[in-house]
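Below is the file start-v7.cif, which contains mmCIF, C-alpha atoms.
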```cif
data_final
#
loop_
_atom_site.label_atom_id
_atom_site.label_comp_id
_atom_site.auth_asym_id
_atom_site.auth_seq_id
_atom_site.Cartn_x
_atom_site.Cartn_y
_atom_site.Cartn_z
CA MET A 1 17.44 17.06 8.81
CA ARG A 2 20.27 14.54 8.68
CA ALA A 3 17.83 11.88 7.47
CA VAL A 4 16.62 14.18 4.70
CA GLN A 5 20.18 14.99 3.67
CA ALA A 6 20.98 11.29 3.53
CA VAL A 7 18.08 10.68 1.12
CA LEU A 8 19.16 13.66 -1.00
CA GLU A 9 22.70 12.30 -1.24
CA ASP A 10 21.33 8.93 -2.31
CA LEU A 11 19.14 10.65 -4.90
CA ARG A 12 22.17 12.47 -6.23
CA ALA A 13 24.14 9.22 -6.42
CA GLU A 14 21.31 7.41 -8.24
CA GLY A 15 21.12 10.15 -10.84
CA GLU A 16 24.88 10.09 -11.32
CA ALA A 17 24.83 6.31 -11.75
CA LEU A 18 22.33 6.53 -14.60
CA ASP A 19 24.13 9.55 -16.04
CA ALA A 20 27.32 7.49 -16.27
CA LEU A 21 25.40 4.86 -18.23
CA VAL A 22 23.78 7.17 -20.80
CA ALA A 23 26.34 9.96 -21.20
CA PRO A 24 28.80 7.92 -23.33
CA LEU A 25 26.07 6.78 -25.72
CA GLY A 26 25.96 8.40 -29.13
CA ALA A 27 22.89 9.19 -31.16
CA GLU A 28 22.39 5.52 -32.04
CA GLY A 29 22.44 4.49 -28.38
CA TRP A 30 19.96 7.18 -27.36
CA ALA A 31 17.64 6.01 -30.14
CA ALA A 32 17.79 2.36 -29.05
CA GLY A 33 14.48 0.79 -28.08
CA THR A 34 14.07 -0.18 -24.43
CA PRO A 35 11.88 -2.88 -22.84
CA ALA A 36 9.15 -0.23 -22.41
CA ALA A 37 7.14 -0.54 -25.61
CA GLY A 38 7.63 2.47 -27.88
CA TRP A 39 10.19 4.11 -25.61
CA THR A 40 13.81 4.68 -26.56
CA VAL A 41 16.64 5.54 -24.18
CA ALA A 42 15.87 9.17 -24.97
CA HIS A 43 12.24 8.65 -23.87
CA GLN A 44 13.46 7.21 -20.57
CA VAL A 45 15.69 10.20 -19.83
CA ALA A 46 13.06 12.64 -21.10
CA HIS A 47 10.51 11.11 -18.75
CA LEU A 48 12.84 11.58 -15.79
CA ALA A 49 13.51 15.17 -16.83
CA TRP A 50 9.76 15.81 -17.10
CA THR A 51 8.89 14.30 -13.72
CA ASP A 52 11.83 16.04 -12.05
CA GLY A 53 10.40 19.25 -13.48
CA ARG A 54 6.98 18.47 -12.06
CA ALA A 55 8.53 17.78 -8.66
CA LEU A 56 10.47 21.04 -8.83
CA LEU A 57 7.27 22.94 -9.59
CA ALA A 58 5.53 21.26 -6.64
CA VAL A 59 8.37 22.33 -4.32
CA ARG A 60 8.84 25.87 -5.63
CA ASP A 61 5.23 26.71 -6.50
CA PRO A 62 2.75 24.35 -4.81
CA ASP A 63 -0.25 26.42 -5.90
CA GLY A 64 0.95 26.43 -9.49
CA PHE A 65 1.42 22.67 -9.43
CA THR A 66 -2.06 22.14 -7.97
CA ALA A 67 -3.59 24.41 -10.61
CA GLU A 68 -2.05 22.28 -13.38
CA LEU A 69 -2.88 18.95 -11.75
CA GLY A 70 -4.79 16.59 -14.03
CA GLY A 71 -8.01 14.87 -13.08
CA ASP A 72 -7.56 11.11 -13.30
CA LEU A 73 -4.95 8.43 -13.93
CA GLY A 74 -5.73 8.42 -17.63
CA GLU A 75 -4.90 12.12 -17.89
CA LEU A 76 -1.70 11.54 -15.93
CA ALA A 77 -0.63 8.73 -18.27
CA ALA A 78 -1.30 10.94 -21.30
CA SER A 79 0.75 13.77 -19.80
CA VAL A 80 3.61 11.40 -19.01
CA ASP A 81 3.69 10.06 -22.57
CA LYS A 82 3.47 13.55 -24.04
CA GLY A 83 6.35 14.79 -21.89
CA ALA A 84 8.51 11.81 -22.80
CA ALA A 85 7.82 12.18 -26.51
CA ALA A 86 8.57 15.90 -26.52
CA GLY A 87 11.87 15.41 -24.72
CA ALA A 88 12.89 12.47 -26.88
CA ALA A 89 12.54 14.69 -29.96
CA GLU A 90 15.31 16.99 -28.68
CA PRO A 91 18.95 16.46 -29.69
CA TYR A 92 20.26 14.02 -27.13
CA ALA A 93 23.05 16.32 -25.91
CA ARG A 94 20.53 19.06 -25.16
CA LEU A 95 18.23 16.58 -23.38
CA LEU A 96 21.13 15.29 -21.28
CA ALA A 97 22.09 18.84 -20.29
CA ARG A 98 18.47 19.67 -19.40
CA TRP A 99 18.10 16.53 -17.30
CA ARG A 100 21.31 17.34 -15.43
CA ALA A 101 20.25 20.91 -14.76
CA GLY A 102 16.83 19.76 -13.55
CA ARG A 103 18.35 17.20 -11.18
CA ASP A 104 20.61 19.83 -9.66
CA ALA A 105 17.77 22.35 -9.31
CA LEU A 106 15.51 19.82 -7.60
CA LEU A 107 18.23 18.76 -5.17
CA GLU A 108 18.88 22.40 -4.31
CA ALA A 109 15.18 23.14 -3.80
CA LEU A 110 14.63 20.08 -1.63
CA GLY A 111 17.73 20.85 0.41
CA ALA A 112 16.44 24.36 1.08
CA ALA A 113 12.91 23.26 2.07
CA PRO A 114 11.97 24.10 5.67
CA PRO A 115 11.56 21.30 8.22
CA GLY A 116 8.09 19.76 8.11
CA ALA A 117 7.30 21.06 4.62
CA ARG A 118 4.82 19.09 2.53
CA PHE A 119 4.24 19.39 -1.18
CA PRO A 120 1.33 18.44 -3.48
CA TRP A 121 1.73 15.43 -5.75
CA TYR A 122 -0.36 12.90 -7.68
CA GLY A 123 -2.01 11.63 -4.51
CA PRO A 124 -1.52 12.73 -0.89
CA PRO A 125 0.91 15.60 -0.16
CA MET A 126 4.51 14.46 0.31
CA SER A 127 7.29 15.44 2.69
CA THR A 128 10.71 16.50 1.48
CA ALA A 129 12.11 13.02 2.15
CA SER A 130 9.17 11.39 0.38
CA VAL A 131 9.63 13.53 -2.73
CA ALA A 132 13.32 12.61 -2.82
CA THR A 133 12.53 8.94 -2.25
CA GLY A 134 10.00 8.94 -5.06
CA ARG A 135 12.46 10.53 -7.46
CA LEU A 136 15.14 8.02 -6.48
CA MET A 137 12.74 5.14 -7.06
CA GLU A 138 11.83 6.39 -10.53
CA THR A 139 15.44 7.12 -11.47
CA TRP A 140 16.48 3.61 -10.45
CA ALA A 141 13.52 1.99 -12.23
CA HIS A 142 14.10 3.77 -15.52
CA GLY A 143 17.79 3.13 -15.13
CA GLU A 144 16.94 -0.57 -15.13
CA ASP A 145 15.15 -0.10 -18.46
CA VAL A 146 18.28 1.47 -19.91
CA ALA A 147 20.55 -1.18 -18.39
CA ASP A 148 18.34 -3.97 -19.74
CA THR A 149 18.50 -2.41 -23.20
CA PHE A 150 22.24 -2.99 -23.36
CA GLY A 151 22.44 -6.15 -21.26
CA VAL A 152 24.11 -4.33 -18.37
CA ARG A 153 23.70 -5.85 -14.91
CA ARG A 154 24.06 -3.14 -12.30
CA ALA A 155 25.21 -4.17 -8.84
CA PRO A 156 22.47 -3.49 -6.26
CA THR A 157 23.30 -0.89 -3.63
CA ALA A 158 22.01 0.12 -0.22
CA ARG A 159 19.99 2.80 -2.01
CA LEU A 160 17.47 0.06 -2.80
CA ARG A 161 16.24 0.40 0.77
CA HIS A 162 14.36 3.54 -0.30
CA VAL A 163 12.68 1.65 -3.14
CA ALA A 164 11.73 -1.26 -0.89
CA ARG A 165 10.30 1.06 1.74
CA ILE A 166 8.13 3.01 -0.68
CA ALA A 167 6.89 -0.26 -2.19
CA VAL A 168 5.86 -1.59 1.21
CA ARG A 169 4.15 1.68 2.09
CA ALA A 170 2.31 1.64 -1.25
CA ARG A 171 0.81 -1.82 -0.66
CA ASP A 172 -2.77 -0.63 -0.22
CA TYR A 173 -2.45 1.76 -3.18
CA ALA A 174 -1.30 -1.10 -5.38
CA PHE A 175 -4.39 -3.13 -4.51
CA ALA A 176 -6.67 -0.13 -5.03
CA VAL A 177 -5.23 0.91 -8.40
CA HIS A 178 -5.88 -2.64 -9.60
CA GLY A 179 -9.50 -2.42 -8.45
CA MET A 180 -9.02 -4.68 -5.42
CA ALA A 181 -9.87 -4.05 -1.77
CA PRO A 182 -6.70 -3.72 0.33
CA PRO A 183 -6.23 -6.46 2.94
CA ALA A 184 -7.19 -5.56 6.49
CA GLU A 185 -4.14 -7.13 8.12
CA GLU A 186 -0.50 -6.11 7.91
CA PHE A 187 2.11 -8.29 6.24
CA ARG A 188 5.60 -9.16 7.37
CA VAL A 189 8.21 -8.38 4.71
CA GLU A 190 11.76 -9.71 5.08
CA LEU A 191 14.27 -8.85 2.37
CA ALA A 192 17.87 -9.97 1.98
CA ALA A 193 19.85 -6.74 1.57
CA PRO A 194 22.74 -6.33 -0.88
CA ASP A 195 25.24 -6.20 1.99
CA GLY A 196 24.04 -9.49 3.47
CA GLY A 197 21.81 -7.91 6.12
CA LEU A 198 18.04 -8.16 6.46
CA TRP A 199 15.50 -5.40 5.87
CA THR A 200 12.26 -5.99 7.72
CA TYR A 201 8.84 -4.35 7.65
CA GLY A 202 5.61 -5.12 9.48
CA PRO A 203 4.89 -7.10 12.64
CA PRO A 204 7.19 -10.11 13.22
CA ASP A 205 4.22 -12.34 14.06
CA ALA A 206 2.11 -11.47 10.99
CA ALA A 207 0.47 -14.54 9.49
CA GLN A 208 1.03 -13.40 5.91
CA ARG A 209 4.61 -12.82 4.77
CA VAL A 210 6.77 -11.87 1.80
CA THR A 211 10.41 -12.89 1.68
CA GLY A 212 13.25 -12.81 -0.83
CA PRO A 213 16.15 -10.75 -2.18
CA ALA A 214 15.69 -6.98 -1.89
CA LEU A 215 16.74 -6.54 -5.53
CA ASP A 216 14.08 -8.95 -6.77
CA PHE A 217 11.40 -7.34 -4.62
CA CYS A 218 12.28 -3.88 -5.89
CA LEU A 219 12.34 -5.00 -9.52
CA LEU A 220 8.92 -6.56 -8.98
CA ALA A 221 7.53 -3.43 -7.29
CA VAL A 222 8.61 -1.15 -10.14
CA ARG A 223 7.22 -3.75 -12.57
CA ARG A 224 10.54 -4.41 -14.28
CA ARG A 225 10.37 -8.15 -13.66
CA HIS A 226 7.57 -10.68 -13.71
CA ARG A 227 7.14 -12.39 -10.37
CA ASP A 228 7.95 -15.75 -11.96
CA ASP A 229 11.45 -14.44 -12.72
CA THR A 230 12.18 -13.47 -9.12
CA ALA A 231 13.01 -15.33 -5.92
CA VAL A 232 10.35 -13.42 -3.97
CA ARG A 233 7.91 -15.72 -2.18
CA ALA A 234 4.61 -15.18 -0.39
CA GLN A 235 2.93 -16.94 2.50
CA GLY A 236 -0.83 -16.36 2.64
CA PRO A 237 -3.43 -15.64 -0.05
CA ASP A 238 -3.42 -11.85 0.24
CA ALA A 239 0.37 -11.68 0.29
CA ASP A 240 0.38 -13.88 -2.79
CA ARG A 241 -2.06 -11.55 -4.56
CA TRP A 242 0.14 -8.59 -3.65
CA LEU A 243 3.07 -10.05 -5.57
CA SER A 244 0.93 -9.94 -8.71
CA VAL A 245 -0.08 -6.28 -8.29
CA ALA A 246 2.79 -4.73 -6.29
CA GLN A 247 3.50 -1.20 -7.48
CA ALA A 248 5.76 1.43 -5.96
CA PHE A 249 4.80 4.31 -8.27
CA ALA A 250 1.73 6.50 -8.74
CA GLY A 251 -0.44 6.18 -11.81
CA PRO A 252 -1.82 3.32 -13.88
CA PRO A 253 0.04 0.02 -13.47
CA GLY A 254 0.71 -0.68 -17.13
CA ALA A 255 1.14 -4.16 -18.53
CA GLY A 256 4.34 -5.00 -16.67
CA ARG A 257 6.95 -7.43 -17.95
CA ALA A 258 6.11 -10.80 -19.42
CA PRO A 259 7.86 -13.84 -17.93
CA ALA A 260 11.32 -14.36 -19.43
CA ALA A 261 10.23 -17.78 -20.68
CA ASP A 262 7.62 -16.04 -22.83
CA GLY A 263 10.41 -14.20 -24.64
CA GLY A 264 9.50 -10.59 -24.19
CA ALA A 265 8.72 -7.57 -22.08
CA ALA A 266 5.69 -5.34 -21.98
#
```
In structure tokens, how does this file's structure come out?
Amino acid sequence: MRAVQAVLEDLRAEGEALDALVAPLGAEGWAAGTPAAGWTVAHQVAHLAWTDGRALLAVRDPDGFTAELGGDLGELAASVDKGAAAGAAEPYARLLARWRAGRDALLEALGAAPPGARFPWYGPPMSTASVATGRLMETWAHGEDVADTFGVRRAPTARLRHVARIAVRARDYAFAVHGMAPPAEEFRVELAAPDGGLWTYGPPDAAQRVTGPALDFCLLAVRRRHRDDTAVRAQGPDADRWLSVAQAFAGPPGAGRAPAADGGAA
């Protein structure tokens, strides 16, 4: 349970970090366009509020969540866009209050979940820690969209370890969602942590490897940076292909960001 509580505290901190960024913005700031095409700051927060709500339903009413579950990735993408658009149409103060209330409710529900509980999601059922990790990953990723909108560079924290871990675990999913067969062999992943340490995944003697700063790897895995704009490097053909399709989130991959030299983001 201590491990679960640690993830929940990190999830709370990630939400508070983004809250501190958006709360002081007025109506003009909430209407600002972000690097996600067609999405304003309000869309970003509305999306988080919507997905937090879906996670809360999955925890509180698994059967109800399963009954509402869409069929394919296209339906999921449409639902995501619809939820973001509906929330973005609200007055920003009301949206902010709703997002805050939803975050608190989800943290409370996850904290009260019994040991060993698993909940339905868009893919395999998830444990309490996995639900919290997924929400943290999304909150951080959309926080990067908001930060990029205003040219803010947020200092990386140890909370990135959750994002890196989910990205490594989602390796085979990333290949599959791009229509590629997952590699048969494991990779070695070595990431330079924000505190100067090293986060490692996979067998030490693996022939294929990925190395680089944890921040760059996480930005790549949430598709907020093009691989050419990171210091992440691959050794081996399959590891190299992974860096072009890496994805830590469920659903369609989207266009991703264009290289900075191309002067834009998708």
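Distances from A:Arg2, A:Arg98, A:Arg161, A:Arg60 to Leu198 of chain A were compared using all atoms listed in the file, and the smallest one belongs to A:Arg161.
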Exercise for review: Might you pull out every residue within 6 Å of segment 128-143 of chain A, with all atoms listed in the file counted and same-chain residues fewer than 4 positions away left off, and present them as number ranges by chain?
Suggested key: A: 4, 11, 18, 163
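Residues in contact range of Ala37 of chain A, defined as at most 12 Å between all atoms listed in the file, with sequence neighbours fewer than 4 positions away removed, read Ala32, Gly33, Val41, His43, Gln44, Asp81, Asp145, Thr149, Gly254, Ala255, Gly256, Arg257, Gly264, Ala265 and Ala266 of chain A.
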Using only C-alpha atoms, what table do you get, as a Markdown table, when you list each residue of segment 136-187 of chain A with an atom no more than 10 Å from segment 201-205 of chain A, its nearest pair of atoms, and their distance in Å rounded to one decimal, rows by chain then rising number?
```
| residue | atom | partner | partner_atom | distance |
| --- | --- | --- | --- | --- |
| A:Ala164 | CA | A:Tyr201 | CA | 9.5 |
| A:Arg165 | CA | A:Tyr201 | CA | 8.1 |
| A:Val168 | CA | A:Tyr201 | CA | 7.6 |
| A:Arg169 | CA | A:Tyr201 | CA | 9.4 |
| A:Glu186 | CA | A:Gly202 | CA | 6.4 |
| A:Phe187 | CA | A:Gly202 | CA | 5.7 |
```
Would you export the selected residues with C-alpha atoms as a compact mmCIF listing (two decimals), in the coordinates of the input, please?
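That gives us selection21.txt:
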```txt
# COMPACT_ATOMS: atom_id res chain seq x y z
CA ALA A 164 11.73 -1.26 -0.89
CA ARG A 165 10.30 1.06 1.74
CA VAL A 168 5.86 -1.59 1.21
CA ARG A 169 4.15 1.68 2.09
CA GLU A 186 -0.50 -6.11 7.91
CA PHE A 187 2.11 -8.29 6.24
```
Exercise for review: Mind giving me the straight-line distance from atom CA of Ala113 of chain A to atom CA of Leu160 of chain A in Å, one decimal?
Suggested key: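 That distance, rounded to one decimal, is 24.1 Å.
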